[in-house]
$ cat target_11.txt   # compact mmCIF, C-alpha atoms
# COMPACT_ATOMS: atom_id res chain seq x y z
CA ALA A 121 0.00 0.00 0.00
CA SER A 122 2.83 2.41 0.81
CA ASP A 123 4.42 1.81 -2.61
CA VAL A 124 1.11 2.58 -4.33
CA TYR A 125 0.79 5.82 -2.37
CA LYS A 126 4.33 6.90 -3.25
CA ARG A 127 3.42 6.71 -6.96
CA GLN A 128 0.26 8.80 -6.61
CA PRO A 129 0.46 12.30 -8.16
CA ILE A 130 -0.10 14.21 -4.91
CA ALA A 131 2.69 12.26 -3.18
CA ILE A 132 5.03 12.85 -6.14
CA ILE A 133 4.30 16.59 -6.16
CA LYS A 134 4.74 16.84 -2.39
CA ASN A 135 8.05 14.95 -2.44
CA ALA A 136 9.44 16.92 -5.39
CA SER A 137 8.39 20.23 -3.82
CA GLU A 138 10.16 19.35 -0.57
CA LEU A 139 13.32 18.46 -2.47
CA LEU A 140 13.16 21.74 -4.42
CA ALA A 141 13.42 23.61 -1.11
CA ASP A 142 17.01 22.33 -0.82
CA ASP A 143 19.27 25.16 -2.00
CA LYS A 144 22.09 22.66 -2.64
CA LEU A 145 20.43 21.21 -5.72
CA THR A 146 22.11 21.66 -9.08
CA GLU A 147 20.24 23.31 -11.95
CA ASP A 148 19.78 19.94 -13.67
CA GLU A 149 18.39 18.37 -10.48
CA SER A 150 15.94 21.25 -10.05
CA THR A 151 14.83 20.97 -13.67
CA THR A 152 14.24 17.23 -13.27
CA LEU A 153 12.08 17.82 -10.19
CA VAL A 154 10.04 20.53 -11.93
CA GLN A 155 9.44 18.15 -14.85
CA ARG A 156 8.33 15.46 -12.39
CA ILE A 157 5.84 17.89 -10.86
CA ASN A 158 4.54 18.90 -14.29
CA ARG A 159 4.02 15.26 -15.33
CA ALA A 160 2.25 14.39 -12.09
CA THR A 161 0.02 17.47 -12.42
CA LEU A 162 -0.92 16.56 -15.99
CA GLN A 163 -1.74 12.98 -15.05
CA MET A 164 -3.73 14.05 -12.00
CA GLU A 165 -5.68 16.55 -14.09
CA GLN A 166 -6.47 13.93 -16.73
CA SER A 167 -7.51 11.36 -14.11
CA VAL A 168 -9.86 13.85 -12.43
CA ASN A 169 -11.32 14.94 -15.78
CA THR A 170 -11.85 11.31 -16.78
CA LEU A 171 -13.67 10.46 -13.55
CA LEU A 172 -15.82 13.59 -13.76
CA SER A 173 -16.69 12.84 -17.38
CA LEU A 174 -17.49 9.26 -16.45
CA ALA A 175 -19.85 10.42 -13.69
CA ARG A 176 -21.58 12.86 -16.05
CA GLU A 177 -22.03 10.25 -18.78
CA GLU A 178 -23.45 7.64 -16.41
CA ASN A 179 -25.99 10.14 -15.12
CA ALA A 180 -26.85 11.56 -18.52
CA SER A 181 -29.55 10.40 -20.89
CA SER A 182 -27.50 11.00 -24.02
CA LYS A 183 -28.36 8.62 -26.82
CA ALA A 184 -25.97 6.59 -28.92
CA GLN A 185 -25.13 8.00 -32.33
CA MET A 186 -22.77 7.27 -35.18
CA VAL A 187 -19.39 8.69 -34.20
CA LYS A 188 -16.29 8.95 -36.39
CA LEU A 189 -13.46 7.08 -34.71
CA LEU A 190 -10.31 8.64 -36.19
CA PRO A 191 -10.67 12.18 -34.74
CA ILE A 192 -11.19 10.76 -31.23
CA VAL A 193 -8.12 8.51 -31.52
CA GLU A 194 -5.98 11.32 -32.91
CA LYS A 195 -7.04 13.61 -30.05
CA ALA A 196 -6.18 10.94 -27.46
CA VAL A 197 -2.74 10.36 -29.05
CA ILE A 198 -1.96 14.08 -29.00
CA GLN A 199 -3.20 14.53 -25.41
CA HIS A 200 -1.05 11.70 -24.09
CA ALA A 201 2.03 12.19 -26.32
CA TYR A 202 3.98 13.59 -23.35
CA ILE A 203 4.10 10.07 -21.86
CA LEU A 204 6.31 9.02 -24.78
CA THR A 205 8.79 11.87 -24.32
CA ASN A 206 12.35 10.55 -24.72
CA LYS A 207 11.08 7.04 -25.43
CA PRO A 208 11.85 5.41 -28.83
CA VAL A 209 8.24 4.53 -29.55
CA GLU A 210 6.42 4.69 -32.89
CA VAL A 211 2.64 5.21 -32.92
CA ASP A 212 0.81 3.55 -35.81
CA VAL A 213 -2.88 4.37 -36.34
CA GLU A 214 -4.73 2.13 -38.80
CA ILE A 215 -8.21 3.60 -38.77
CA GLY A 216 -10.07 4.76 -41.88
CA MET A 217 -11.32 8.33 -42.31
CA ASN A 218 -14.90 7.07 -42.46
CA ASP A 219 -14.78 4.36 -39.80
CA GLN A 220 -17.69 4.91 -37.42
CA LEU A 221 -19.22 3.38 -34.31
CA LEU A 222 -22.65 3.57 -32.75
CA SER A 223 -21.85 4.95 -29.31
CA GLN A 224 -22.32 7.78 -26.84
CA PRO A 225 -19.54 10.22 -27.88
CA GLY A 226 -18.42 10.98 -24.31
CA ILE A 227 -18.15 7.31 -23.38
CA LEU A 228 -16.12 6.54 -26.51
CA GLN A 229 -13.72 9.40 -25.76
CA ILE A 230 -13.12 8.18 -22.20
CA LEU A 231 -12.65 4.59 -23.37
CA ILE A 232 -10.13 5.47 -26.08
CA ALA A 233 -8.24 7.98 -23.91
CA ASN A 234 -7.67 5.35 -21.24
CA LEU A 235 -6.65 2.65 -23.75
CA VAL A 236 -4.14 4.98 -25.42
CA SER A 237 -2.78 6.29 -22.10
CA ASN A 238 -2.33 2.75 -20.78
CA ALA A 239 -0.47 1.62 -23.91
CA PHE A 240 1.84 4.66 -23.83
CA GLN A 241 2.63 4.16 -20.14
CA TYR A 242 3.60 0.51 -20.55
CA THR A 243 5.71 0.95 -23.71
CA THR A 244 9.37 1.76 -23.14
CA HIS A 245 10.39 1.15 -26.76
CA GLY A 246 8.91 -0.28 -29.95
CA THR A 247 5.39 0.32 -31.23
CA VAL A 248 1.89 1.26 -30.20
CA LYS A 249 -0.59 0.23 -32.90
CA ILE A 250 -4.23 1.35 -32.82
CA SER A 251 -6.51 -0.31 -35.37
CA PHE A 252 -10.17 -0.92 -36.13
CA SER A 253 -11.89 -3.64 -38.15
CA ASP A 254 -15.02 -5.80 -37.86
CA ASN A 255 -16.39 -3.53 -35.11
CA LYS A 256 -13.34 -4.26 -32.98
CA LEU A 257 -10.96 -1.60 -31.67
CA SER A 258 -7.50 -3.02 -30.99
CA VAL A 259 -4.65 -1.31 -29.14
CA PHE A 260 -1.36 -3.21 -29.30
CA ASN A 261 1.80 -2.17 -27.52
CA THR A 262 5.26 -3.67 -27.50
CA SER A 263 6.04 -5.03 -24.05
CA GLU A 264 7.35 -8.01 -22.15
CA GLY A 265 3.80 -9.02 -21.23
CA ILE A 266 1.77 -8.70 -18.07
CA GLU A 267 3.78 -9.25 -14.91
CA GLU A 268 2.91 -12.51 -13.16
CA LYS A 269 2.10 -10.84 -9.83
CA ILE A 270 -0.65 -8.65 -11.38
CA LYS A 271 -1.82 -11.06 -14.09
CA ASP A 272 -5.08 -12.00 -12.35
CA SER A 273 -5.92 -8.49 -11.17
CA VAL A 274 -4.70 -6.23 -13.99
CA LEU A 275 -8.22 -4.86 -14.59
CA GLU A 276 -8.75 -3.86 -10.97
CA PRO A 277 -8.27 -0.27 -9.66
CA LEU A 278 -4.77 0.82 -8.52
CA ILE A 279 -3.12 -2.30 -9.99
CA LYS A 280 -0.16 -1.46 -12.20
CA GLY A 281 3.12 -2.87 -13.42
CA GLU A 282 6.58 -1.63 -12.52
CA ASN A 283 7.12 0.07 -15.90
CA SER A 284 3.87 2.03 -15.85
CA GLN A 285 4.04 5.79 -15.39
CA GLY A 286 0.35 5.90 -14.52
CA TYR A 287 -1.65 5.23 -11.39
CA GLY A 288 -3.47 1.98 -12.10
CA LEU A 289 -6.85 3.44 -13.08
CA GLY A 290 -6.90 3.22 -16.90
CA LEU A 291 -7.80 -0.42 -17.46
CA SER A 292 -10.20 -0.54 -14.49
CA ILE A 293 -12.14 2.35 -16.07
CA VAL A 294 -12.11 0.53 -19.42
CA LYS A 295 -13.45 -2.61 -17.73
CA ARG A 296 -16.19 -0.66 -15.96
CA LEU A 297 -17.28 1.05 -19.19
CA CYS A 298 -17.31 -2.20 -21.14
CA GLU A 299 -19.39 -3.95 -18.49
CA HIS A 300 -21.82 -1.03 -18.20
CA HIS A 301 -22.33 -0.75 -21.98
CA LYS A 302 -22.17 -4.49 -22.72
CA LEU A 303 -18.99 -4.32 -24.80
CA GLY A 304 -16.56 -7.18 -25.17
CA LEU A 305 -13.12 -6.75 -23.58
CA ASN A 306 -10.23 -9.11 -24.20
CA ILE A 307 -6.53 -8.90 -23.34
CA GLU A 308 -4.34 -10.93 -25.71
CA SER A 309 -0.78 -11.71 -24.67
CA LYS A 310 1.47 -12.02 -27.73
CA THR A 311 5.15 -12.94 -28.12
CA ASP A 312 6.09 -9.31 -28.72
CA GLY A 313 3.54 -7.46 -26.64
CA ILE A 314 -0.02 -7.06 -25.43
CA CYS A 315 -3.17 -6.34 -27.43
CA ILE A 316 -6.36 -5.05 -25.82
CA VAL A 317 -9.46 -5.59 -27.95
CA VAL A 318 -12.84 -3.93 -27.39
CA SER A 319 -15.72 -5.45 -29.37
CA PHE A 320 -18.68 -3.19 -30.15

$ encode --input "target_11.txt" --output "structure tokens"
Amino acid sequence: ASDVYKRQPIAIIKNASELLADDKLTEDESTTLVQRINRATLQMEQSVNTLLSLAREENASSKAQMVKLLPIVEKAVIQHAYILTNKPVEVDVEIGMNDQLLSQPGILQILIANLVSNAFQYTTHGTVKISFSDNKLSVFNTSEGIEEKIKDSVLEPLIKGENSQGYGLGLSIVKRLCEHHKLGLNIESKTDGICIVVSF
């Protein structure tokens, strides 16, 4: 539990702020701490916005409509690009200009944002591939696979692997959305990575 807390954004900001008060820090050390605070603030902001959006959508009576997929994916990639800073990762989007889904727009945005964020966090090098065919949205990322100790609980809140820069909420939100809207969710472990497939 203490390790989980230490990786939470508020704890990271608090720790980095305390270290910044040390006047013996070099300029590079100070810059690193400021960057750590900025990253934690961004991730905390996105987590709060996601949870607020999720609450609004679940209490709203908005109807499903045909939604173009590519603009939502592109927005999610741009919003979370900072996670890939200084990482040799290529993002490959294979979604047609006219590919559409019948969905509540807000729900689809939350779902895709969390899938993209999760893939970026767990990829240290290689590729993140986002594709759509046969009413299935697939997000593949190069990785060494799901760690054995979290294999059976990877979809639960606050469960995350050692290489993740996130806080263990992304996939649990995806699971909740899929269950609530009766969507299929499957995690495929491949020789070169992990593929998460949502079936609409």

$ residues_around --input "target_11.txt" --residues "range 212-222 of chain A" --least-positions-apart "3" --cutoff "7 Å" --atoms "all atoms listed in the file" --output "JSON, numbers by chain"
{"A": [184, 185, 186, 187, 188, 189, 190, 248, 249, 250, 251, 252]}

$ closest_residue --input "target_11.txt" --among "A:Thr247, A:Asn261, A:Gln229, A:Ser223" --to "His301 in chain A" --atoms "all atoms listed in the file"
A:Ser223

$ residues_around --input "target_11.txt" --residues "Val317 in chain A" --least-positions-apart "4" --cutoff "12 Å" --atoms "all atoms listed in the file" --output "ChimeraX atom specification"
/A:231-232,235,249-261,291,294-295,298,303-309

$ residues_around --input "target_11.txt" --residues "His245 in chain A" --least-positions-apart "6" --cutoff "12 Å" --atoms "all atoms listed in the file" --output "PyMOL selection string"
chain A and resi 203-211+239+261-264+283+312-313

$ atom_distance --input "target_11.txt" --atom1 "CA of Ala160 in chain A" --atom2 "CA of Ile132 in chain A"
6.7 Å

$ atom_distance --input "target_11.txt" --atom1 "CA of Asn238 in chain A" --atom2 "CA of Ser137 in chain A"
26.6 Å

$ closest_residue --input "target_11.txt" --among "A:Ile192, A:Leu228, A:Val154, A:Leu139" --to "Ile293 in chain A" --atoms "all atoms listed in the file"
A:Leu228

$ atom_distance --input "target_11.txt" --atom1 "CA of Leu153 in chain A" --atom2 "CA of Ile133 in chain A"
8.8 Å
